[in-house]
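What follows is the content of start.cif, which has mmCIF, C-alpha atoms:
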```cif
data_upload
loop_
_atom_site.label_atom_id
_atom_site.label_comp_id
_atom_site.auth_asym_id
_atom_site.auth_seq_id
_atom_site.Cartn_x
_atom_site.Cartn_y
_atom_site.Cartn_z
CA MET A 1 19.34 -17.63 67.73
CA THR A 2 20.54 -17.39 64.13
CA ARG A 3 24.22 -18.10 63.64
CA TYR A 4 26.12 -16.84 60.59
CA PHE A 5 29.27 -18.16 58.96
CA PHE A 6 31.17 -16.11 56.39
CA ILE A 7 33.52 -18.41 54.49
CA HIS A 8 36.23 -15.82 53.96
CA ILE A 9 38.30 -16.61 50.88
CA MET A 10 41.60 -14.73 50.88
CA ARG A 11 42.03 -11.91 48.34
CA THR A 12 38.33 -11.47 47.56
CA GLY A 13 37.68 -8.28 49.53
CA GLY A 14 36.17 -10.29 52.35
CA ARG A 15 37.98 -8.55 55.19
CA THR A 16 36.31 -5.25 54.36
CA PHE A 17 32.93 -6.99 54.27
CA SER A 18 33.45 -8.84 57.55
CA ARG A 19 34.42 -5.62 59.33
CA GLN A 20 31.22 -4.03 58.07
CA VAL A 21 29.14 -6.98 59.24
CA GLU A 22 30.70 -6.91 62.70
CA HIS A 23 28.97 -3.58 63.33
CA ASN A 24 25.71 -5.54 63.58
CA PHE A 25 26.90 -7.71 66.47
CA PRO A 26 28.08 -6.86 70.00
CA ARG A 27 31.67 -7.40 70.99
CA GLY A 28 32.30 -10.97 72.03
CA SER A 29 29.66 -12.42 69.69
CA TYR A 30 31.87 -12.84 66.62
CA PHE A 31 35.02 -14.78 65.87
CA PRO A 32 37.82 -13.89 65.43
CA ASP A 33 37.64 -10.84 67.67
CA ALA A 34 40.67 -8.64 68.42
CA ASP A 35 39.45 -8.25 72.00
CA HIS A 36 39.55 -11.99 72.65
CA GLU A 37 42.28 -13.49 70.47
CA ALA A 38 45.88 -13.00 71.59
CA ASP A 39 47.09 -14.00 68.10
CA LEU A 40 44.58 -12.68 65.58
CA VAL A 41 46.46 -14.06 62.56
CA ARG A 42 46.49 -17.57 63.99
CA ALA A 43 42.84 -17.28 65.02
CA ASN A 44 41.92 -16.49 61.42
CA ILE A 45 43.43 -19.67 59.96
CA SER A 46 43.77 -22.30 62.70
CA VAL A 47 41.04 -24.90 62.38
CA GLY A 48 42.34 -26.58 65.53
CA ASP A 49 41.99 -23.43 67.59
CA LEU A 50 38.52 -22.80 66.19
CA LEU A 51 37.25 -26.28 67.00
CA ALA A 52 38.85 -26.11 70.46
CA LEU A 53 36.91 -23.01 71.51
CA PRO A 54 35.31 -23.57 74.93
CA ALA A 55 31.62 -24.42 74.92
CA GLU A 56 30.70 -21.18 76.67
CA ARG A 57 32.53 -19.13 74.02
CA ARG A 58 30.81 -21.00 71.19
CA ALA A 59 27.45 -20.44 72.85
CA SER A 60 28.01 -16.68 72.72
CA LEU A 61 29.06 -16.55 69.07
CA ARG A 62 26.67 -15.50 66.32
CA LEU A 63 29.17 -14.74 63.52
CA TYR A 64 32.26 -16.58 62.30
CA SER A 65 34.36 -14.96 59.57
CA GLY A 66 37.89 -16.40 59.49
CA HIS A 67 39.78 -18.10 56.68
CA PHE A 68 38.24 -21.50 57.33
CA PRO A 69 37.27 -24.23 54.86
CA PHE A 70 33.63 -25.15 54.44
CA TYR A 71 33.78 -28.42 56.37
CA VAL A 72 34.24 -26.67 59.72
CA THR A 73 30.61 -25.49 59.55
CA ASP A 74 29.57 -29.12 60.02
CA GLU A 75 32.26 -29.71 62.64
CA LEU A 76 30.72 -26.85 64.64
CA GLY A 77 27.30 -28.47 64.55
CA GLY A 78 25.86 -26.95 61.38
CA GLY A 79 22.72 -24.88 61.26
CA PHE A 80 24.52 -21.75 60.04
CA VAL A 81 23.34 -19.18 57.55
CA MET A 82 26.36 -19.21 55.24
CA MET A 83 27.91 -16.62 52.95
CA THR A 84 31.00 -16.39 50.78
CA ILE A 85 32.61 -14.22 48.11
CA LEU A 86 34.44 -15.79 45.18
CA ARG A 87 36.78 -14.21 42.63
CA HIS A 88 38.10 -15.25 39.25
CA PRO A 89 41.16 -17.38 40.06
CA VAL A 90 43.50 -15.41 37.79
CA ALA A 91 42.54 -12.08 39.36
CA ARG A 92 42.70 -13.56 42.88
CA THR A 93 46.16 -15.02 42.30
CA ILE A 94 47.49 -11.81 40.79
CA SER A 95 46.15 -9.86 43.77
CA HIS A 96 48.04 -12.18 46.11
CA LEU A 97 51.23 -11.85 44.07
CA GLN A 98 50.96 -8.06 43.94
CA THR A 99 50.60 -7.85 47.70
CA ARG A 100 53.52 -10.17 48.33
CA HIS A 101 55.67 -8.31 45.81
CA SER A 102 54.86 -5.00 47.51
CA VAL A 103 55.92 -6.38 50.89
CA LEU A 104 59.15 -7.85 49.54
CA MET A 105 60.01 -4.57 47.83
CA GLN A 106 60.57 -3.15 51.31
CA ARG A 107 63.61 -5.42 51.64
CA PRO A 108 66.83 -4.09 50.06
CA SER A 109 68.05 -7.62 49.31
CA PHE A 110 64.92 -8.33 47.29
CA VAL A 111 65.19 -5.04 45.39
CA GLU A 112 68.81 -5.80 44.56
CA ARG A 113 67.83 -9.11 43.02
CA GLY A 114 65.32 -7.32 40.80
CA LEU A 115 62.65 -10.01 41.10
CA SER A 116 59.37 -9.36 39.32
CA ILE A 117 55.89 -10.76 39.96
CA GLU A 118 56.57 -13.28 37.19
CA ASP A 119 59.71 -14.35 39.05
CA LEU A 120 57.76 -14.82 42.28
CA TYR A 121 55.25 -17.05 40.57
CA ALA A 122 57.99 -19.04 38.86
CA ILE A 123 59.69 -19.66 42.21
CA ASP A 124 56.75 -21.18 44.08
CA GLY A 125 53.55 -20.77 42.08
CA MET A 126 52.63 -24.45 41.83
CA GLY A 127 53.77 -25.36 45.32
CA ASN A 128 52.23 -22.46 47.20
CA GLY A 129 48.97 -23.49 48.86
CA LEU A 130 47.70 -19.91 48.62
CA LEU A 131 47.96 -19.87 44.84
CA ARG A 132 46.97 -23.17 43.28
CA ASP A 133 43.25 -24.07 43.06
CA PHE A 134 42.74 -22.22 46.32
CA GLN A 135 39.00 -21.55 46.19
CA VAL A 136 37.83 -25.00 45.16
CA ARG A 137 39.96 -26.49 47.94
CA GLN A 138 38.03 -24.53 50.55
CA PHE A 139 34.93 -26.47 49.57
CA ALA A 140 36.58 -29.80 48.69
CA LEU A 141 38.25 -30.39 52.06
CA THR A 142 36.53 -32.73 54.52
CA GLY A 143 36.75 -33.25 58.25
CA ASP A 144 38.89 -36.35 57.69
CA ASP A 145 41.59 -34.20 56.06
CA ARG A 146 42.17 -32.05 59.14
CA LEU A 147 43.91 -29.48 56.96
CA ARG A 148 44.01 -25.70 57.10
CA SER A 149 42.63 -23.61 54.26
CA ILE A 150 46.18 -22.80 53.11
CA ASP A 151 47.41 -26.41 52.93
CA PRO A 152 47.88 -27.91 49.44
CA LEU A 153 45.40 -30.52 48.22
CA GLU A 154 44.95 -32.27 44.88
CA VAL A 155 41.35 -31.85 43.73
CA ASP A 156 40.29 -34.87 41.68
CA ASP A 157 36.82 -35.44 40.19
CA ALA A 158 35.40 -36.78 43.45
CA ARG A 159 36.76 -33.80 45.38
CA PHE A 160 35.33 -31.45 42.76
CA GLU A 161 31.87 -32.97 43.16
CA THR A 162 32.18 -32.51 46.91
CA ALA A 163 33.14 -28.87 46.36
CA ILE A 164 30.18 -27.99 44.15
CA ALA A 165 27.77 -29.85 46.45
CA ASN A 166 29.07 -27.85 49.42
CA LEU A 167 28.92 -24.59 47.50
CA ALA A 168 25.24 -25.25 46.76
CA ARG A 169 24.62 -25.27 50.52
CA VAL A 170 25.91 -21.69 50.89
CA ASP A 171 22.95 -19.36 51.31
CA VAL A 172 24.43 -16.25 49.70
CA ILE A 173 27.24 -16.42 47.13
CA GLY A 174 28.91 -13.18 46.13
CA LEU A 175 31.26 -12.41 43.26
CA GLN A 176 34.14 -10.04 43.91
CA GLU A 177 33.39 -8.06 40.77
CA GLN A 178 29.81 -7.61 42.01
CA THR A 179 30.61 -6.95 45.67
CA GLU A 180 28.10 -4.13 46.10
CA ARG A 181 25.31 -6.33 44.78
CA PHE A 182 26.29 -9.03 47.27
CA LYS A 183 26.32 -6.53 50.14
CA ALA A 184 22.93 -5.17 49.15
CA GLU A 185 21.52 -8.70 49.15
CA VAL A 186 22.78 -9.62 52.62
CA ALA A 187 21.76 -6.22 54.04
CA GLU A 188 18.21 -6.66 52.78
CA ARG A 189 17.97 -10.34 53.61
CA PHE A 190 19.31 -10.13 57.16
CA GLY A 191 18.38 -6.56 58.06
CA TRP A 192 22.01 -5.55 58.51
CA THR A 193 23.59 -2.11 58.23
CA LEU A 194 26.93 -2.11 56.43
CA PRO A 195 28.58 1.22 57.23
CA PRO A 196 31.13 2.61 54.78
CA ILE A 197 34.71 1.89 55.81
CA ASP A 198 38.03 2.09 54.02
CA ASP A 199 38.85 -0.99 51.97
CA VAL A 200 41.10 -3.36 53.88
CA HIS A 201 44.14 -5.15 52.42
CA VAL A 202 43.83 -3.67 48.94
CA SER A 203 46.77 -4.86 46.85
CA PRO A 204 48.83 -2.32 44.86
CA ARG A 205 48.48 -2.38 41.10
CA VAL A 206 51.39 -3.80 39.13
CA GLU A 207 51.36 -4.58 35.43
CA VAL A 208 51.11 -8.29 34.69
CA SER A 209 51.89 -9.90 31.36
CA GLU A 210 49.32 -11.85 29.37
CA SER A 211 51.67 -14.81 29.39
CA LEU A 212 51.59 -14.91 33.20
CA ARG A 213 47.80 -14.62 33.20
CA ALA A 214 47.62 -17.56 30.81
CA ARG A 215 49.99 -19.63 32.95
CA ILE A 216 47.98 -18.91 36.11
CA ALA A 217 44.76 -19.94 34.34
CA GLU A 218 46.36 -23.18 33.19
CA ASP A 219 47.79 -23.97 36.63
CA ASN A 220 44.40 -23.22 38.21
CA ALA A 221 42.23 -25.03 35.68
CA THR A 222 40.18 -26.76 38.37
CA ASP A 223 39.63 -23.50 40.22
CA VAL A 224 38.54 -21.82 36.99
CA ARG A 225 36.08 -24.65 36.42
CA PHE A 226 34.77 -24.24 39.97
CA TYR A 227 34.41 -20.48 39.53
CA GLU A 228 32.51 -20.93 36.28
CA HIS A 229 30.16 -23.32 38.06
CA ALA A 230 29.68 -20.68 40.77
CA LEU A 231 28.78 -18.11 38.10
CA GLU A 232 26.08 -20.39 36.75
CA LEU A 233 24.77 -21.06 40.24
CA VAL A 234 24.56 -17.34 41.02
CA ARG A 235 22.81 -16.66 37.72
CA ALA A 236 20.29 -19.41 38.37
CA ARG A 237 19.51 -17.97 41.80
CA THR A 238 19.22 -14.37 40.64
CA GLY A 239 17.49 -15.09 37.35
CA ASP A 240 20.13 -13.20 35.34
#
```

Translate this structure into structure tokens?
Amino acid sequence: MTRYFFIHIMRTGGRTFSRQVEHNFPRGSYFPDADHEADLVRANISVGDLLALPAERRASLRLYSGHFPFYVTDELGGGFVMMTILRHPVARTISHLQTRHSVLMQRPSFVERGLSIEDLYAIDGMGNGLLRDFQVRQFALTGDDRLRSIDPLEVDDARFETAIANLARVDVIGLQEQTERFKAEVAERFGWTLPPIDDVHVSPRVEVSESLRARIAEDNATDVRFYEHALELVRARTGD
């Protein structure tokens, strides 16, 4: 039985893709599953809960698609067909900030303070584990770290080499700006049907200054380097 693992990087459009993929599997054979998880948010990010799944539940699973770092594929015994979607770090970070800003704008106290997206990033940009070098961390973490995907981690040269080695093990790598190409590849390769559904968790558009874009790129220099490596890897595989 083929088992699949979608390494779902936040703010890459992965939730829409995973919902489409779920149509190819019966209820109870993918994780997380709203019918089985009492706390779906926790199930999507808790490595501990994932690794603690009962043996009988694991035996029934054919698709994993939560926000889990790469190393859990080995912790679960390996042998997966793996997929992921990556996004330019600046665009991914801005998407996260836009979503958070939209949520906070529902609070009168936040509106009164008049905080902008730039203000949000200034407040916690470097310390927020969802913003700094997020994608490379998903592939640089190891089982010894026992960290969640959202926990901060300094990525030194050794960690970076671990990240690119792990990325090379992923069978299908998609780019957010080429999502339809990625979907066409997995549909053809695995014989899946990906029915059209409304995009999930699409962030509202808010104007962002060039100075903020430059700051995000500087703060995420390692992630930018990782993404550029991913571009070259995808090009080498596709012959572009």

Each stretch 39-115 of chain A residue no farther than 8 Å from stretch 216-240 of chain A, nearest pair in Å, all atoms listed in the file, as CSV:
```
residue,atom,partner,partner_atom,distance
A:Leu86,CA,A:Tyr227,CA,7.3
A:Arg87,CA,A:Tyr227,CA,7.4
A:His88,CA,A:Tyr227,CA,6.4
A:Pro89,CA,A:Val224,CA,6.0
A:Val90,CA,A:Ala217,CA,5.8
A:Thr93,CA,A:Ile216,CA,7.5
```

Under the rule that only C-alpha atoms are counted, which of A:Ala187, A:Leu212, A:Ala165, A:Leu63 is the nearest residue to A:His8?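 Under the stated criterion, the closest residue is A:Leu63.
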
Q.
Give me, as a VMD selection string, all polymer residues having an atom no more than 9 Å from stretch 19-32 of chain A, counting only C-alpha atoms and skipping those fewer than 2 positions away in the same chain.
A. chain A and resid 14 to 17 34 to 37 40 43 to 44 50 57 to 66 192 to 197 200

Show which residues sit within 9 Å of A:Pro69, as a VMD selection string. Count all atoms listed in the file, and ignore same-chain residues fewer than 3 positions away. chain A and resid 7 to 9 47 72 to 73 137 to 142 147 to 149

List the residues selected by the PyMOL selection byres ((chain A and resi 174-177) around 8) in the file shown, writing them as a PyMOL selection string.
chain A and resi 12-13+83-87+172-173+178-179+181-182+234

> Around (47.5, -21.5, 52.7) in the file's frame, which residues reach within 9 Å when counting only C-alpha atoms? Return as a list of chain:residue names?
Replying inline: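 Residues with an atom close enough to that point: A:Ile45, A:Asn128, A:Gly129, A:Leu130, A:Leu131, A:Phe134, A:Arg148, A:Ser149, A:Ile150, A:Asp151, A:Pro152.
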
Here atom CA of A:Asp157 and atom CA of A:Ser211 stand apart by 27.6 Å

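Our summary of the geometry notes that atom CA of A:Ile164 is positioned 24.0 Å from atom CA of A:Glu180.
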
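Restricting the calculation to only C-alpha atoms, the smallest distance between A:Arg132 and any of A:Met1, A:Ile94, A:Ala158, A:Val103 is found for A:Ile94.
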
Please return stretch 134-146 of chain A, rebuilt to N, CA and C atoms, as a PDB file, in the coordinates of the input.
```pdb
ATOM      1  N   PHE A 134      43.007 -22.555  44.928  1.00  0.00           N
ATOM      2  CA  PHE A 134      42.740 -22.220  46.320  1.00  0.00           C
ATOM      3  C   PHE A 134      41.254 -22.253  46.673  1.00  0.00           C
ATOM      4  N   GLN A 135      40.407 -21.671  45.823  1.00  0.00           N
ATOM      5  CA  GLN A 135      39.000 -21.550  46.190  1.00  0.00           C
ATOM      6  C   GLN A 135      38.277 -22.890  46.201  1.00  0.00           C
ATOM      7  N   VAL A 136      38.510 -23.708  45.206  1.00  0.00           N
ATOM      8  CA  VAL A 136      37.830 -25.000  45.160  1.00  0.00           C
ATOM      9  C   VAL A 136      38.251 -25.865  46.337  1.00  0.00           C
ATOM     10  N   ARG A 137      39.497 -25.704  46.797  1.00  0.00           N
ATOM     11  CA  ARG A 137      39.960 -26.490  47.940  1.00  0.00           C
ATOM     12  C   ARG A 137      39.183 -26.165  49.198  1.00  0.00           C
ATOM     13  N   GLN A 138      38.757 -24.919  49.342  1.00  0.00           N
ATOM     14  CA  GLN A 138      38.030 -24.530  50.550  1.00  0.00           C
ATOM     15  C   GLN A 138      36.710 -25.291  50.687  1.00  0.00           C
ATOM     16  N   PHE A 139      36.194 -25.746  49.565  1.00  0.00           N
ATOM     17  CA  PHE A 139      34.930 -26.470  49.570  1.00  0.00           C
ATOM     18  C   PHE A 139      35.111 -27.968  49.339  1.00  0.00           C
ATOM     19  N   ALA A 140      36.307 -28.382  48.958  1.00  0.00           N
ATOM     20  CA  ALA A 140      36.580 -29.800  48.690  1.00  0.00           C
ATOM     21  C   ALA A 140      37.130 -30.524  49.914  1.00  0.00           C
ATOM     22  N   LEU A 141      37.721 -29.783  50.851  1.00  0.00           N
ATOM     23  CA  LEU A 141      38.250 -30.390  52.060  1.00  0.00           C
ATOM     24  C   LEU A 141      37.141 -31.028  52.893  1.00  0.00           C
ATOM     25  N   THR A 142      37.475 -32.082  53.613  1.00  0.00           N
ATOM     26  CA  THR A 142      36.530 -32.730  54.520  1.00  0.00           C
ATOM     27  C   THR A 142      37.124 -32.793  55.918  1.00  0.00           C
ATOM     28  N   GLY A 143      36.290 -33.141  56.876  1.00  0.00           N
ATOM     29  CA  GLY A 143      36.750 -33.250  58.250  1.00  0.00           C
ATOM     30  C   GLY A 143      37.844 -34.285  58.427  1.00  0.00           C
ATOM     31  N   ASP A 144      37.862 -35.314  57.592  1.00  0.00           N
ATOM     32  CA  ASP A 144      38.890 -36.350  57.690  1.00  0.00           C
ATOM     33  C   ASP A 144      40.274 -35.820  57.303  1.00  0.00           C
ATOM     34  N   ASP A 145      40.310 -34.752  56.504  1.00  0.00           N
ATOM     35  CA  ASP A 145      41.590 -34.200  56.060  1.00  0.00           C
ATOM     36  C   ASP A 145      42.328 -33.497  57.199  1.00  0.00           C
ATOM     37  N   ARG A 146      41.575 -32.808  58.048  1.00  0.00           N
ATOM     38  CA  ARG A 146      42.170 -32.050  59.140  1.00  0.00           C
ATOM     39  C   ARG A 146      43.255 -31.093  58.635  1.00  0.00           C
TER      40      ARG A 146
END
```
